[in-house]
>>> print(open('coords-v2.txt').read())   # compact mmCIF, C-alpha atoms
# COMPACT_ATOMS: atom_id res chain seq x y z
CA MET J 1 146.66 56.52 -34.44
CA GLU J 2 143.09 57.55 -33.79
CA LEU J 3 142.66 60.43 -31.42
CA GLN J 4 140.22 59.50 -28.70
CA LEU J 5 138.48 62.42 -27.11
CA ASP J 6 137.75 62.21 -23.42
CA ASP J 7 134.14 61.69 -22.30
CA SER J 8 134.11 65.08 -20.61
CA VAL J 9 135.10 66.80 -23.87
CA LEU J 10 132.42 64.90 -25.80
CA VAL J 11 129.80 65.80 -23.20
CA LYS J 12 130.82 69.45 -23.42
CA ASN J 13 130.70 69.37 -27.22
CA TYR J 14 127.30 67.70 -27.15
CA ILE J 15 125.87 70.30 -24.78
CA GLN J 16 127.14 72.93 -27.23
CA GLY J 17 125.17 71.26 -30.02
CA ASP J 18 127.50 68.66 -31.56
CA GLU J 19 125.26 65.64 -32.14
CA LYS J 20 128.19 63.56 -33.38
CA SER J 21 129.65 63.62 -29.86
CA LEU J 22 126.55 61.89 -28.52
CA GLU J 23 126.89 59.18 -31.16
CA ILE J 24 130.51 58.59 -30.12
CA LEU J 25 129.53 58.46 -26.45
CA ILE J 26 126.71 55.96 -27.08
CA ASN J 27 128.84 53.72 -29.27
CA ARG J 28 131.79 53.91 -26.90
CA HIS J 29 129.77 52.78 -23.88
CA ASN J 30 127.16 50.68 -25.65
CA GLN J 31 128.61 47.29 -24.71
CA ARG J 32 129.52 48.27 -21.16
CA ILE J 33 126.09 49.70 -20.30
CA SER J 34 124.12 47.03 -22.19
CA SER J 35 126.06 44.21 -20.53
CA PHE J 36 125.48 45.84 -17.14
CA ILE J 37 121.72 45.99 -17.74
CA TYR J 38 121.63 42.51 -19.28
CA SER J 39 123.44 41.04 -16.26
CA LYS J 40 120.50 42.21 -14.12
CA VAL J 41 117.47 41.58 -16.32
CA LEU J 42 118.73 38.62 -18.42
CA ASN J 43 116.55 39.61 -21.36
CA GLN J 44 117.72 41.31 -24.55
CA SER J 45 114.46 43.17 -25.29
CA ILE J 46 114.22 44.57 -21.76
CA THR J 47 117.90 45.50 -21.99
CA GLU J 48 117.17 47.49 -25.15
CA ASP J 49 114.24 49.26 -23.46
CA ILE J 50 116.18 50.17 -20.34
CA PHE J 51 119.20 51.28 -22.38
CA GLN J 52 116.92 53.52 -24.40
CA ASP J 53 115.26 55.00 -21.30
CA THR J 54 118.66 55.53 -19.72
CA PHE J 55 119.96 57.56 -22.64
CA ILE J 56 116.71 59.51 -22.93
CA LYS J 57 117.32 60.63 -19.35
CA VAL J 58 120.95 61.36 -20.14
CA ILE J 59 120.04 63.43 -23.20
CA ARG J 60 117.37 65.42 -21.34
CA THR J 61 119.64 66.11 -18.39
CA LEU J 62 122.52 67.22 -20.60
CA ARG J 63 120.34 69.41 -22.78
CA LYS J 64 118.70 71.04 -19.77
CA GLY J 65 122.13 71.89 -18.45
CA SER J 66 121.55 70.01 -15.19
CA TYR J 67 124.65 67.82 -15.52
CA SER J 68 127.73 68.85 -13.61
CA GLU J 69 130.89 67.50 -15.18
CA GLU J 70 133.12 65.79 -12.65
CA GLY J 71 134.82 63.40 -15.03
CA LYS J 72 132.39 60.63 -14.11
CA PHE J 73 130.16 60.33 -17.14
CA LEU J 74 130.08 56.52 -17.29
CA PRO J 75 129.45 55.96 -13.54
CA TRP J 76 126.64 58.52 -13.78
CA VAL J 77 125.03 56.74 -16.74
CA LEU J 78 125.42 53.37 -15.00
CA ARG J 79 123.69 54.80 -11.92
CA ILE J 80 120.74 55.92 -14.06
CA ALA J 81 120.62 52.46 -15.68
CA HIS J 82 120.78 50.82 -12.25
CA ASN J 83 117.85 52.93 -10.99
CA LEU J 84 115.82 52.08 -14.09
CA VAL J 85 116.53 48.37 -13.59
CA ILE J 86 115.18 48.70 -10.03
CA ASP J 87 112.11 50.54 -11.38
CA HIS J 88 111.62 47.71 -13.89
CA PHE J 89 111.61 45.05 -11.16
CA ARG J 90 109.33 47.13 -8.93
CA LYS J 91 106.86 47.59 -11.76
CA ASN J 92 106.91 43.89 -12.55
CA ARG J 93 106.26 43.02 -8.93
CA ARG J 94 103.20 45.27 -8.92
CA LEU J 95 101.96 43.78 -12.18
CA PRO J 96 102.58 40.02 -11.96
CA LYS J 97 103.36 38.55 -15.34
CA PHE J 98 102.07 35.24 -16.58
CA GLU J 99 103.81 33.50 -19.39
CA CYS J 100 102.03 30.81 -21.41
CA ASN J 101 103.77 27.60 -22.33
CA GLU J 102 103.09 24.76 -24.77
CA ASN J 103 100.80 22.89 -22.36
CA PHE J 104 98.76 25.77 -21.06
CA ASN J 105 97.44 28.93 -22.59
CA ILE J 106 95.87 31.46 -20.24
CA PHE J 107 93.44 32.56 -22.98
CA SER J 108 91.84 29.11 -22.93
CA VAL J 109 90.45 29.84 -19.43
CA ILE J 110 89.90 33.58 -19.50
CA GLY J 111 88.19 35.63 -22.13
CA ASP J 112 87.48 39.27 -22.87
CA GLY J 113 83.76 38.84 -22.24
CA LYS J 114 82.93 39.07 -25.93
CA LEU J 115 81.32 36.27 -27.88
CA ASN J 116 83.33 34.57 -30.54
CA ALA J 117 82.10 34.59 -34.16
CA GLU J 118 80.22 31.28 -33.84
CA LYS J 119 78.48 32.21 -30.59
CA GLN J 120 77.62 35.65 -31.97
CA LEU J 121 75.93 33.99 -34.98
CA ILE J 122 73.94 31.69 -32.68
CA LYS J 123 72.91 34.64 -30.52
CA ASP J 124 71.79 36.65 -33.57
CA GLN J 125 69.75 33.68 -34.81
CA ILE J 126 68.05 33.24 -31.42
CA ASP J 127 67.30 36.98 -31.20
CA PHE J 128 65.77 36.86 -34.67
CA ASP J 129 63.64 33.77 -33.82
CA ILE J 130 62.39 35.40 -30.64
CA GLN J 131 61.39 38.53 -32.56
CA LEU J 132 59.34 36.35 -34.95
CA LEU J 133 57.67 34.64 -31.98
CA ILE J 134 56.86 37.98 -30.35
CA GLU J 135 55.17 39.07 -33.60
CA GLN J 136 52.69 36.19 -33.09
CA LEU J 137 51.51 37.54 -29.70
CA PRO J 138 48.38 39.66 -29.23
CA ASP J 139 49.10 43.39 -29.59
CA ASP J 140 48.75 44.29 -25.89
CA GLN J 141 51.20 41.55 -24.85
CA LYS J 142 53.56 42.38 -27.70
CA GLU J 143 53.59 46.00 -26.56
CA VAL J 144 54.43 45.16 -22.94
CA ILE J 145 57.16 42.69 -23.82
CA SER J 146 58.72 45.10 -26.28
CA MET J 147 58.74 47.94 -23.75
CA ARG J 148 60.11 45.75 -20.97
CA MET J 149 62.71 43.68 -22.85
CA TYR J 150 63.85 45.96 -25.67
CA LYS J 151 63.26 49.45 -24.28
CA ASP J 152 64.22 48.44 -20.72
CA MET J 153 61.25 50.31 -19.22
CA SER J 154 59.99 49.66 -15.70
CA PHE J 155 56.43 48.37 -15.18
CA LYS J 156 55.52 51.78 -13.74
CA GLU J 157 56.69 53.46 -16.96
CA ILE J 158 54.85 50.83 -19.05
CA SER J 159 51.63 51.44 -17.14
CA GLU J 160 51.98 55.20 -17.61
CA ASN J 161 52.68 54.83 -21.33
CA THR J 162 49.94 52.34 -22.07
CA GLY J 163 47.33 53.82 -19.74
CA VAL J 164 46.78 50.60 -17.77
CA SER J 165 47.52 49.74 -14.15
CA ILE J 166 50.83 48.20 -13.10
CA ASN J 167 49.05 44.95 -12.26
CA THR J 168 47.56 44.75 -15.74
CA ALA J 169 50.98 45.39 -17.28
CA LEU J 170 52.45 42.63 -15.07
CA GLY J 171 49.62 40.30 -16.05
CA ARG J 172 50.17 41.00 -19.77
CA MET J 173 53.88 40.29 -19.35
CA ARG J 174 53.07 37.01 -17.61
CA TYR J 175 50.68 35.91 -20.37
CA ALA J 176 53.15 37.02 -23.02
CA LEU J 177 55.82 34.73 -21.54
CA ILE J 178 53.35 31.84 -21.16
CA ASN J 179 52.26 32.26 -24.78
CA LEU J 180 55.84 32.45 -25.99
CA ARG J 181 56.64 29.15 -24.22
CA LYS J 182 53.52 27.60 -25.75
CA LEU J 183 54.57 28.75 -29.23
CA ILE J 184 58.04 27.31 -28.71
CA GLU J 185 56.63 23.96 -27.56
CA THR J 186 53.97 23.81 -30.29
CA HIS J 187 56.45 24.50 -33.09
CA ASN J 188 59.25 22.43 -31.54
CA ILE J 189 61.59 25.39 -31.71
CA VAL J 190 65.03 24.85 -30.18
CA LEU J 191 66.59 27.96 -28.77
CA THR J 192 70.16 26.83 -28.17
CA ASN J 193 72.02 28.34 -25.26
CA TYR J 194 75.20 30.15 -26.12
CA MET F 1 132.25 24.79 -7.38
CA GLU F 2 131.97 24.77 -11.12
CA LYS F 3 128.26 24.14 -10.76
CA ILE F 4 127.75 27.11 -8.47
CA TYR F 5 129.62 29.53 -10.69
CA SER F 6 128.10 28.32 -13.92
CA GLU F 7 124.53 28.53 -12.65
CA GLN F 8 124.06 32.09 -13.93
CA GLN F 9 126.43 31.85 -16.85
CA ASN F 10 124.10 33.87 -19.00
CA ALA F 11 124.49 36.91 -16.78
CA CYS F 12 128.08 37.38 -17.93
CA ARG F 13 127.14 37.63 -21.57
CA LEU F 14 128.41 40.67 -23.42
CA ALA F 15 125.36 42.48 -24.67
CA LYS F 16 125.03 45.34 -27.10
CA VAL F 17 121.93 47.22 -28.16
CA CYS F 18 120.97 47.12 -31.81
CA PRO F 19 121.83 49.97 -34.23
CA GLU F 20 118.11 50.88 -34.44
CA THR F 21 118.07 51.79 -30.75
CA VAL F 22 121.16 53.96 -31.19
CA LYS F 23 119.59 55.59 -34.24
CA PHE F 24 116.38 56.24 -32.31
CA LEU F 25 118.34 57.95 -29.53
CA LEU F 26 120.24 60.13 -31.99
CA ASN F 27 117.00 61.13 -33.70
CA TYR F 28 115.39 61.80 -30.32
CA SER F 29 118.30 64.03 -29.41
CA ARG F 30 118.02 65.94 -32.69
CA SER F 31 114.28 66.45 -32.28
CA LEU F 32 114.43 67.57 -28.65
CA TYR F 33 114.38 71.25 -27.96
CA ILE F 34 114.33 72.95 -24.61
CA THR F 35 113.09 76.45 -23.97
CA LYS F 36 113.82 78.17 -20.70
CA TYR F 37 111.59 80.81 -19.23
CA ASP F 38 111.95 82.17 -15.70
CA TYR F 39 113.72 79.11 -14.24
CA ILE F 40 111.21 76.79 -15.91
CA SER F 41 112.36 74.68 -18.82
CA PHE F 42 109.88 73.50 -21.40
CA GLU F 43 110.61 70.43 -23.46
CA GLY F 44 109.35 69.83 -26.95
CA ASN F 45 109.93 67.44 -29.81
CA LEU F 46 110.11 68.66 -33.39
CA ASN F 47 109.01 66.25 -36.05
>>> encode(input="coords-v2.txt", output="structure tokens")
Amino acid sequence: MELQLDDSVLVKNYIQGDEKSLEILINRHNQRISSFIYSKVLNQSITEDIFQDTFIKVIRTLRKGSYSEEGKFLPWVLRIAHNLVIDHFRKNRRLPKFECNENFNIFSVIGDGKLNAEKQLIKDQIDFDIQLLIEQLPDDQKEVISMRMYKDMSFKEISENTGVSINTALGRMRYALINLRKLIETHNIVLTNY
Amino acid sequence: MEKIYSEQQNACRLAKVCPETVKFLLNYSRSLYITKYDYISFEGNLN
């Protein structure tokens, strides 16, 4: 007949450094504690997570010497598990979960703000075409458009850098845009929106 | 009556965590060390 040590003895042995006692305790109460958690959360993966967190707390408390043995090891562990189940539901209420199904995928209506590979290619092509068009502009207009659009400078900064008045800089920008549109129309260039 | 009681049949299932979870806990326990200094206990994990 197999000698079954009492929980309190195993707990005592574990605190004194016998890791095997912990293994016996976990295996002895595995089904009881797991079934208790599962009955609340109805999900095997969440059960595993909560079981794990429960025993992490148990291990830390025992090793710190904060556990007072009153012959109630299992009720104590179940209380920890119960509190963690409550924490789980509280957390889920704060962070509403959306589950996709066959008919609807949430990622078809929301994105991460990044372009997909196809749109990125189109954007790169448009950027390249625009750069070629800008090269065709007179130097003064090219300079203003480059400072404004690529270097993100204000018209005040452009006027200071180029030694012209703000109005002249604005005028050059205006003519640059007009000329760009003319070039696009003349060469029948299609800049597709992405 | 049968309908009412069988509505949450799943809840009565006997569950058991997988051996990997048990193994993780045993390894965690082995790696955990606690140092006490002036009523403060410091926790650490050895690899």
>>> closest_atom_pairs(input="coords-v2.txt", of="chain J", to="chain F", cutoff="9 Å", atoms="only C-alpha atoms", output="CSV")
residue,atom,partner,partner_atom,distance
J:Glu19,CA,F:Arg30,CA,7.3
J:Lys20,CA,F:Leu26,CA,8.8
J:Leu22,CA,F:Leu26,CA,7.4
J:Glu23,CA,F:Leu26,CA,6.8
J:Ile26,CA,F:Val22,CA,7.2
J:Asn27,CA,F:Val22,CA,7.9
J:Asn30,CA,F:Lys16,CA,5.9
J:Gln31,CA,F:Lys16,CA,4.7
J:Arg32,CA,F:Ala15,CA,7.9
J:Ile33,CA,F:Lys16,CA,8.1
J:Ser34,CA,F:Lys16,CA,5.3
J:Ser35,CA,F:Ala15,CA,4.5
J:Phe36,CA,F:Ala15,CA,8.2
J:Ile37,CA,F:Ala15,CA,8.6
J:Tyr38,CA,F:Ala15,CA,6.6
J:Ser39,CA,F:Ala11,CA,4.3
J:Lys40,CA,F:Ala11,CA,7.1
J:Val41,CA,F:Ala11,CA,8.4
J:Leu42,CA,F:Ala11,CA,6.2
J:Gln44,CA,F:Ala15,CA,7.7
J:Ser45,CA,F:Val17,CA,9.0
J:Thr47,CA,F:Val17,CA,7.6
J:Glu48,CA,F:Val17,CA,5.6
J:Asp49,CA,F:Thr21,CA,8.6
J:Phe51,CA,F:Val17,CA,7.6
J:Gln52,CA,F:Thr21,CA,6.7
J:Phe55,CA,F:Leu25,CA,7.1
J:Ile56,CA,F:Leu25,CA,7.0
J:Ile59,CA,F:Ser29,CA,6.5
J:Arg60,CA,F:Leu32,CA,8.2
J:Arg63,CA,F:Ile34,CA,7.2
J:Lys64,CA,F:Ile34,CA,6.8
>>> closest_residue(input="coords-v2.txt", among="J:Ala117, J:Val11, J:Met153, J:Leu133", to="Lys72 (chain J)", atoms="all atoms listed in the file")
J:Val11
>>> atom_distance(input="coords-v2.txt", atom1="CA of Asp6 (chain J)", atom2="CA of Ser68 (chain J)")
15.5 Å
>>> atom_distance(input="coords-v2.txt", atom1="CA of Ile46 (chain J)", atom2="CA of Glu69 (chain J)")
29.1 Å
>>> atom_distance(input="coords-v2.txt", atom1="CA of Ile50 (chain J)", atom2="CA of His88 (chain J)")
8.3 Å
>>> residues_around(input="coords-v2.txt", residues="Leu10 (chain J)", least_positions_apart="4", cutoff="9 Å", atoms="only C-alpha atoms", output="NGL selection string")
:J and (5-6 or 14-15 or 18 or 20-22 or 24-25)
>>> residues_around(input="coords-v2.txt", residues="Arg174 (chain J)", least_positions_apart="3", cutoff="12 Å", atoms="all atoms listed in the file", output="list in words")
Asp140, Gln141, Lys142, Val144, Ile145, Arg148, Asn167, Thr168, Ala169, Leu170, Gly171, Leu177, Ile178, Asn179, Leu180 and Arg181 of chain J
>>> write_last_selection(input="coords-v2.txt", atoms="C-alpha atoms", output="CSV table (one decimal), keeping the file's coordinate frame")
chain,number,residue,atom,x,y,z
J,140,ASP,CA,48.8,44.3,-25.9
J,141,GLN,CA,51.2,41.6,-24.8
J,142,LYS,CA,53.6,42.4,-27.7
J,144,VAL,CA,54.4,45.2,-22.9
J,145,ILE,CA,57.2,42.7,-23.8
J,148,ARG,CA,60.1,45.8,-21.0
J,167,ASN,CA,49.0,45.0,-12.3
J,168,THR,CA,47.6,44.8,-15.7
J,169,ALA,CA,51.0,45.4,-17.3
J,170,LEU,CA,52.4,42.6,-15.1
J,171,GLY,CA,49.6,40.3,-16.0
J,177,LEU,CA,55.8,34.7,-21.5
J,178,ILE,CA,53.4,31.8,-21.2
J,179,ASN,CA,52.3,32.3,-24.8
J,180,LEU,CA,55.8,32.4,-26.0
J,181,ARG,CA,56.6,29.2,-24.2
>>> residues_around(input="coords-v2.txt", residues="Lys182 (chain J)", least_positions_apart="6", cutoff="12 Å", atoms="only C-alpha atoms", output="ChimeraX atom specification")
/J:133-134,136-137,175-176,188-189
>>> build_atoms(input="coords-v2.txt", residues="region 37-52 of chain J", atoms="N, CA and C atoms", output="PDB file, in the frame of the given file")
ATOM      1  N   ILE J  37     123.182  46.158 -17.859  1.00  0.00           N
ATOM      2  CA  ILE J  37     121.720  45.990 -17.740  1.00  0.00           C
ATOM      3  C   ILE J  37     121.349  44.531 -17.938  1.00  0.00           C
ATOM      4  N   TYR J  38     121.965  43.912 -18.974  1.00  0.00           N
ATOM      5  CA  TYR J  38     121.630  42.510 -19.280  1.00  0.00           C
ATOM      6  C   TYR J  38     121.949  41.600 -18.094  1.00  0.00           C
ATOM      7  N   SER J  39     123.052  41.895 -17.397  1.00  0.00           N
ATOM      8  CA  SER J  39     123.440  41.040 -16.260  1.00  0.00           C
ATOM      9  C   SER J  39     122.387  41.055 -15.162  1.00  0.00           C
ATOM     10  N   LYS J  40     121.550  42.107 -15.145  1.00  0.00           N
ATOM     11  CA  LYS J  40     120.500  42.210 -14.120  1.00  0.00           C
ATOM     12  C   LYS J  40     119.174  41.631 -14.619  1.00  0.00           C
ATOM     13  N   VAL J  41     118.818  41.962 -15.864  1.00  0.00           N
ATOM     14  CA  VAL J  41     117.470  41.580 -16.320  1.00  0.00           C
ATOM     15  C   VAL J  41     117.430  40.283 -17.115  1.00  0.00           C
ATOM     16  N   LEU J  42     118.577  39.880 -17.663  1.00  0.00           N
ATOM     17  CA  LEU J  42     118.730  38.620 -18.420  1.00  0.00           C
ATOM     18  C   LEU J  42     117.725  38.511 -19.581  1.00  0.00           C
ATOM     19  N   ASN J  43     117.477  39.620 -20.220  1.00  0.00           N
ATOM     20  CA  ASN J  43     116.550  39.610 -21.360  1.00  0.00           C
ATOM     21  C   ASN J  43     116.963  40.724 -22.322  1.00  0.00           C
ATOM     22  N   GLN J  44     117.179  40.345 -23.579  1.00  0.00           N
ATOM     23  CA  GLN J  44     117.720  41.310 -24.550  1.00  0.00           C
ATOM     24  C   GLN J  44     116.738  42.452 -24.835  1.00  0.00           C
ATOM     25  N   SER J  45     115.434  42.112 -24.972  1.00  0.00           N
ATOM     26  CA  SER J  45     114.460  43.170 -25.290  1.00  0.00           C
ATOM     27  C   SER J  45     114.350  44.179 -24.153  1.00  0.00           C
ATOM     28  N   ILE J  46     114.329  43.652 -22.909  1.00  0.00           N
ATOM     29  CA  ILE J  46     114.220  44.570 -21.760  1.00  0.00           C
ATOM     30  C   ILE J  46     115.508  45.403 -21.662  1.00  0.00           C
ATOM     31  N   THR J  47     116.624  44.766 -21.995  1.00  0.00           N
ATOM     32  CA  THR J  47     117.900  45.500 -21.990  1.00  0.00           C
ATOM     33  C   THR J  47     117.826  46.679 -22.960  1.00  0.00           C
ATOM     34  N   GLU J  48     117.298  46.428 -24.139  1.00  0.00           N
ATOM     35  CA  GLU J  48     117.170  47.490 -25.150  1.00  0.00           C
ATOM     36  C   GLU J  48     116.302  48.634 -24.609  1.00  0.00           C
ATOM     37  N   ASP J  49     115.166  48.245 -23.995  1.00  0.00           N
ATOM     38  CA  ASP J  49     114.240  49.260 -23.460  1.00  0.00           C
ATOM     39  C   ASP J  49     114.894  50.104 -22.381  1.00  0.00           C
ATOM     40  N   ILE J  50     115.576  49.424 -21.456  1.00  0.00           N
ATOM     41  CA  ILE J  50     116.180  50.170 -20.340  1.00  0.00           C
ATOM     42  C   ILE J  50     117.339  51.026 -20.838  1.00  0.00           C
ATOM     43  N   PHE J  51     118.099  50.501 -21.786  1.00  0.00           N
ATOM     44  CA  PHE J  51     119.200  51.280 -22.380  1.00  0.00           C
ATOM     45  C   PHE J  51     118.640  52.556 -23.011  1.00  0.00           C
ATOM     46  N   GLN J  52     117.549  52.382 -23.738  1.00  0.00           N
ATOM     47  CA  GLN J  52     116.920  53.520 -24.400  1.00  0.00           C
ATOM     48  C   GLN J  52     116.451  54.561 -23.380  1.00  0.00           C
TER      49      GLN J  52
END
